[in-house]
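Chemist: Quick one: structure below, then a few questions.
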Amino acid sequence: MDAKKSIEALQFFATGLTEGALVHKLQGQIFKAQGFSKLGEKYINHFNEEMGWVEKFVERIIDLGGEVKFEGAKTRPLITNPVEYIKADLEIQKAGVDLLYKCCEGLINDPSTYEIMVDYLKDEEEDLYWSQGALEMIECIGQQNWLFTQV
């Protein structure tokens, strides 16, 4: 097992996920303020779920004897149009899932970290499928009708 490699992967995802979770929290608050309560709650709850993954990553870094780092977040635009946000978030999700597949391949010799990352990958795939399904539904019933379901 290459503990250094595992720690680097965990730290990379802890940093990126913390940033993404904060964006989801802010987007959720924006959507709630616009009157899209269901969509707002979805993203606020998503923030809480993602921070749970960050906690697991940090615990594993500590278990491996690593030093947990707080690395700064990048500036990201917030998007007030819910449909445009889902489209933008989907692109981030696709790239993230691809990256997770590659990362998991490199962690096969660390079963504990591998298991955490595979579970996280499954969770991210579910999020990706939700976004894809939402966009398909929007295409099918129209943006205004879909937005009405998010009130």
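Identifiers for the structure tokens are assigned positionally: chains receive A, B, ... in sequence, residues are indexed from 1 per chain, and ligands are indexed from 1 in the order shown.
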When you look at stretch 123-127 of chain A with a cut-off of 12 Å (counting only C-alpha atoms), what residues show up, excluding the ones that are within fewer than 5 positions of it in the same chain? I need them as a PyMOL selection string.

Modeler: chain A and resi 17+42-43+46+49-50+52-53+86+89-101+116-118+132-134

Chemist: Just N, CA, C and O atoms for this one: save the residues we selected as a short mmCIF file (atom, residue, chain, number, x, y, z; two decimals), in the first residue's frame.

Modeler:
data_model
loop_
_atom_site.label_atom_id
_atom_site.label_comp_id
_atom_site.auth_asym_id
_atom_site.auth_seq_id
_atom_site.Cartn_x
_atom_site.Cartn_y
_atom_site.Cartn_z
N LEU A 17 -14.29 18.70 -3.11
CA LEU A 17 -15.66 18.47 -2.66
C LEU A 17 -16.12 19.55 -1.69
O LEU A 17 -17.28 19.94 -1.72
N LYS A 42 -33.08 20.42 -2.20
CA LYS A 42 -32.27 19.35 -2.79
C LYS A 42 -30.80 19.72 -2.72
O LYS A 42 -29.97 18.92 -2.31
N TYR A 43 -30.46 20.94 -3.11
CA TYR A 43 -29.05 21.34 -3.12
C TYR A 43 -28.51 21.63 -1.72
O TYR A 43 -27.34 21.36 -1.44
N HIS A 46 -27.85 18.33 -0.38
CA HIS A 46 -26.68 17.80 -1.08
C HIS A 46 -25.39 18.32 -0.43
O HIS A 46 -24.41 17.59 -0.31
N GLU A 49 -24.76 16.20 2.61
CA GLU A 49 -24.28 14.87 2.20
C GLU A 49 -22.81 14.93 1.79
O GLU A 49 -22.00 14.09 2.18
N GLU A 50 -22.47 15.94 0.99
CA GLU A 50 -21.09 16.06 0.52
C GLU A 50 -20.12 16.34 1.67
O GLU A 50 -19.00 15.81 1.68
N GLY A 52 -20.43 15.20 4.57
CA GLY A 52 -20.25 13.90 5.21
C GLY A 52 -19.14 13.11 4.53
O GLY A 52 -18.35 12.43 5.19
N TRP A 53 -19.06 13.21 3.20
CA TRP A 53 -17.96 12.55 2.47
C TRP A 53 -16.62 13.19 2.82
O TRP A 53 -15.63 12.49 3.01
N ILE A 86 -28.20 23.36 -13.57
CA ILE A 86 -28.17 21.89 -13.68
C ILE A 86 -27.29 21.47 -14.85
O ILE A 86 -26.50 20.53 -14.73
N ASP A 89 -23.67 22.08 -13.76
CA ASP A 89 -23.29 21.11 -12.73
C ASP A 89 -23.11 19.72 -13.33
O ASP A 89 -22.22 18.98 -12.92
N LEU A 90 -23.92 19.38 -14.32
CA LEU A 90 -23.79 18.08 -14.98
C LEU A 90 -22.42 17.93 -15.63
O LEU A 90 -21.81 16.85 -15.54
N GLU A 91 -21.93 18.97 -16.25
CA GLU A 91 -20.60 18.91 -16.87
C GLU A 91 -19.52 18.67 -15.81
O GLU A 91 -18.58 17.89 -16.03
N ILE A 92 -19.65 19.32 -14.67
CA ILE A 92 -18.70 19.11 -13.58
C ILE A 92 -18.81 17.68 -13.06
O ILE A 92 -17.79 17.02 -12.80
N GLN A 93 -20.03 17.18 -12.94
CA GLN A 93 -20.25 15.81 -12.46
C GLN A 93 -19.63 14.78 -13.40
O GLN A 93 -19.01 13.82 -12.95
N LYS A 94 -19.82 14.98 -14.71
CA LYS A 94 -19.25 14.04 -15.67
C LYS A 94 -17.73 13.96 -15.52
O LYS A 94 -17.16 12.86 -15.48
N ALA A 95 -17.10 15.10 -15.46
CA ALA A 95 -15.64 15.13 -15.30
C ALA A 95 -15.22 14.50 -13.98
O ALA A 95 -14.24 13.76 -13.91
N GLY A 96 -15.97 14.77 -12.93
CA GLY A 96 -15.65 14.22 -11.61
C GLY A 96 -15.78 12.71 -11.57
O GLY A 96 -14.94 12.03 -10.98
N VAL A 97 -16.82 12.18 -12.18
CA VAL A 97 -17.01 10.72 -12.20
C VAL A 97 -15.87 10.06 -12.99
O VAL A 97 -15.32 9.05 -12.55
N ASP A 98 -15.52 10.64 -14.12
CA ASP A 98 -14.40 10.09 -14.89
C ASP A 98 -13.12 10.09 -14.06
O ASP A 98 -12.36 9.12 -14.06
N LEU A 99 -12.87 11.18 -13.36
CA LEU A 99 -11.68 11.29 -12.51
C LEU A 99 -11.72 10.27 -11.37
O LEU A 99 -10.70 9.66 -11.04
N LEU A 100 -12.89 10.07 -10.80
CA LEU A 100 -13.02 9.08 -9.72
C LEU A 100 -12.73 7.66 -10.20
O LEU A 100 -12.11 6.88 -9.48
N TYR A 101 -13.19 7.32 -11.41
CA TYR A 101 -12.89 6.00 -11.95
C TYR A 101 -11.38 5.79 -12.04
O TYR A 101 -10.85 4.75 -11.64
N ILE A 116 -13.88 3.39 0.37
CA ILE A 116 -14.46 4.72 0.58
C ILE A 116 -14.68 5.41 -0.76
O ILE A 116 -15.75 5.97 -1.02
N MET A 117 -13.67 5.36 -1.61
CA MET A 117 -13.76 6.06 -2.89
C MET A 117 -14.77 5.42 -3.83
O MET A 117 -15.45 6.12 -4.57
N VAL A 118 -14.89 4.11 -3.82
CA VAL A 118 -15.89 3.44 -4.65
C VAL A 118 -17.30 3.81 -4.17
O VAL A 118 -18.18 4.09 -4.99
N GLN A 132 -29.08 14.25 -15.22
CA GLN A 132 -29.46 13.82 -16.57
C GLN A 132 -30.97 13.63 -16.67
O GLN A 132 -31.60 14.06 -17.64
N GLY A 133 -31.55 13.01 -15.67
CA GLY A 133 -33.00 12.78 -15.65
C GLY A 133 -33.78 14.08 -15.59
O GLY A 133 -34.82 14.22 -16.25
N ALA A 134 -33.30 15.03 -14.80
CA ALA A 134 -33.97 16.33 -14.71
C ALA A 134 -33.96 17.02 -16.08
O ALA A 134 -34.99 17.56 -16.52
#

Chemist: Could you find all residues in chain A that DSSP calls alpha helix (DSSP H) from the backbone, and write them as a ChimeraX atom specification?

Modeler: /A:3-33,37-63,82-106,111-141,143-149

Chemist: Name the closest residue to A:Ser131 among the candidates A:Lys38, A:Lys69, A:Lys87, A:Lys102; distances are taken between atoms, counting only C-alpha atoms.

Modeler: A:Lys87

Chemist: So, with only C-alpha atoms as the atoms that count, which of A:Phe70, A:Phe57, A:Tyr120, A:Phe31 lies closest to A:Glu19?

Modeler: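 Ranking A:Phe70, A:Phe57, A:Tyr120, A:Phe31 by distance to A:Glu19, first place goes to A:Phe70.
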
Chemist: Hey, which of A:Val83, A:Met51, A:Leu107, A:Val23 ends up closest to A:Gly142? Count only C-alpha atoms.

Modeler: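 Nearest candidate to A:Gly142 out of A:Val83, A:Met51, A:Leu107, A:Val23: A:Val83.
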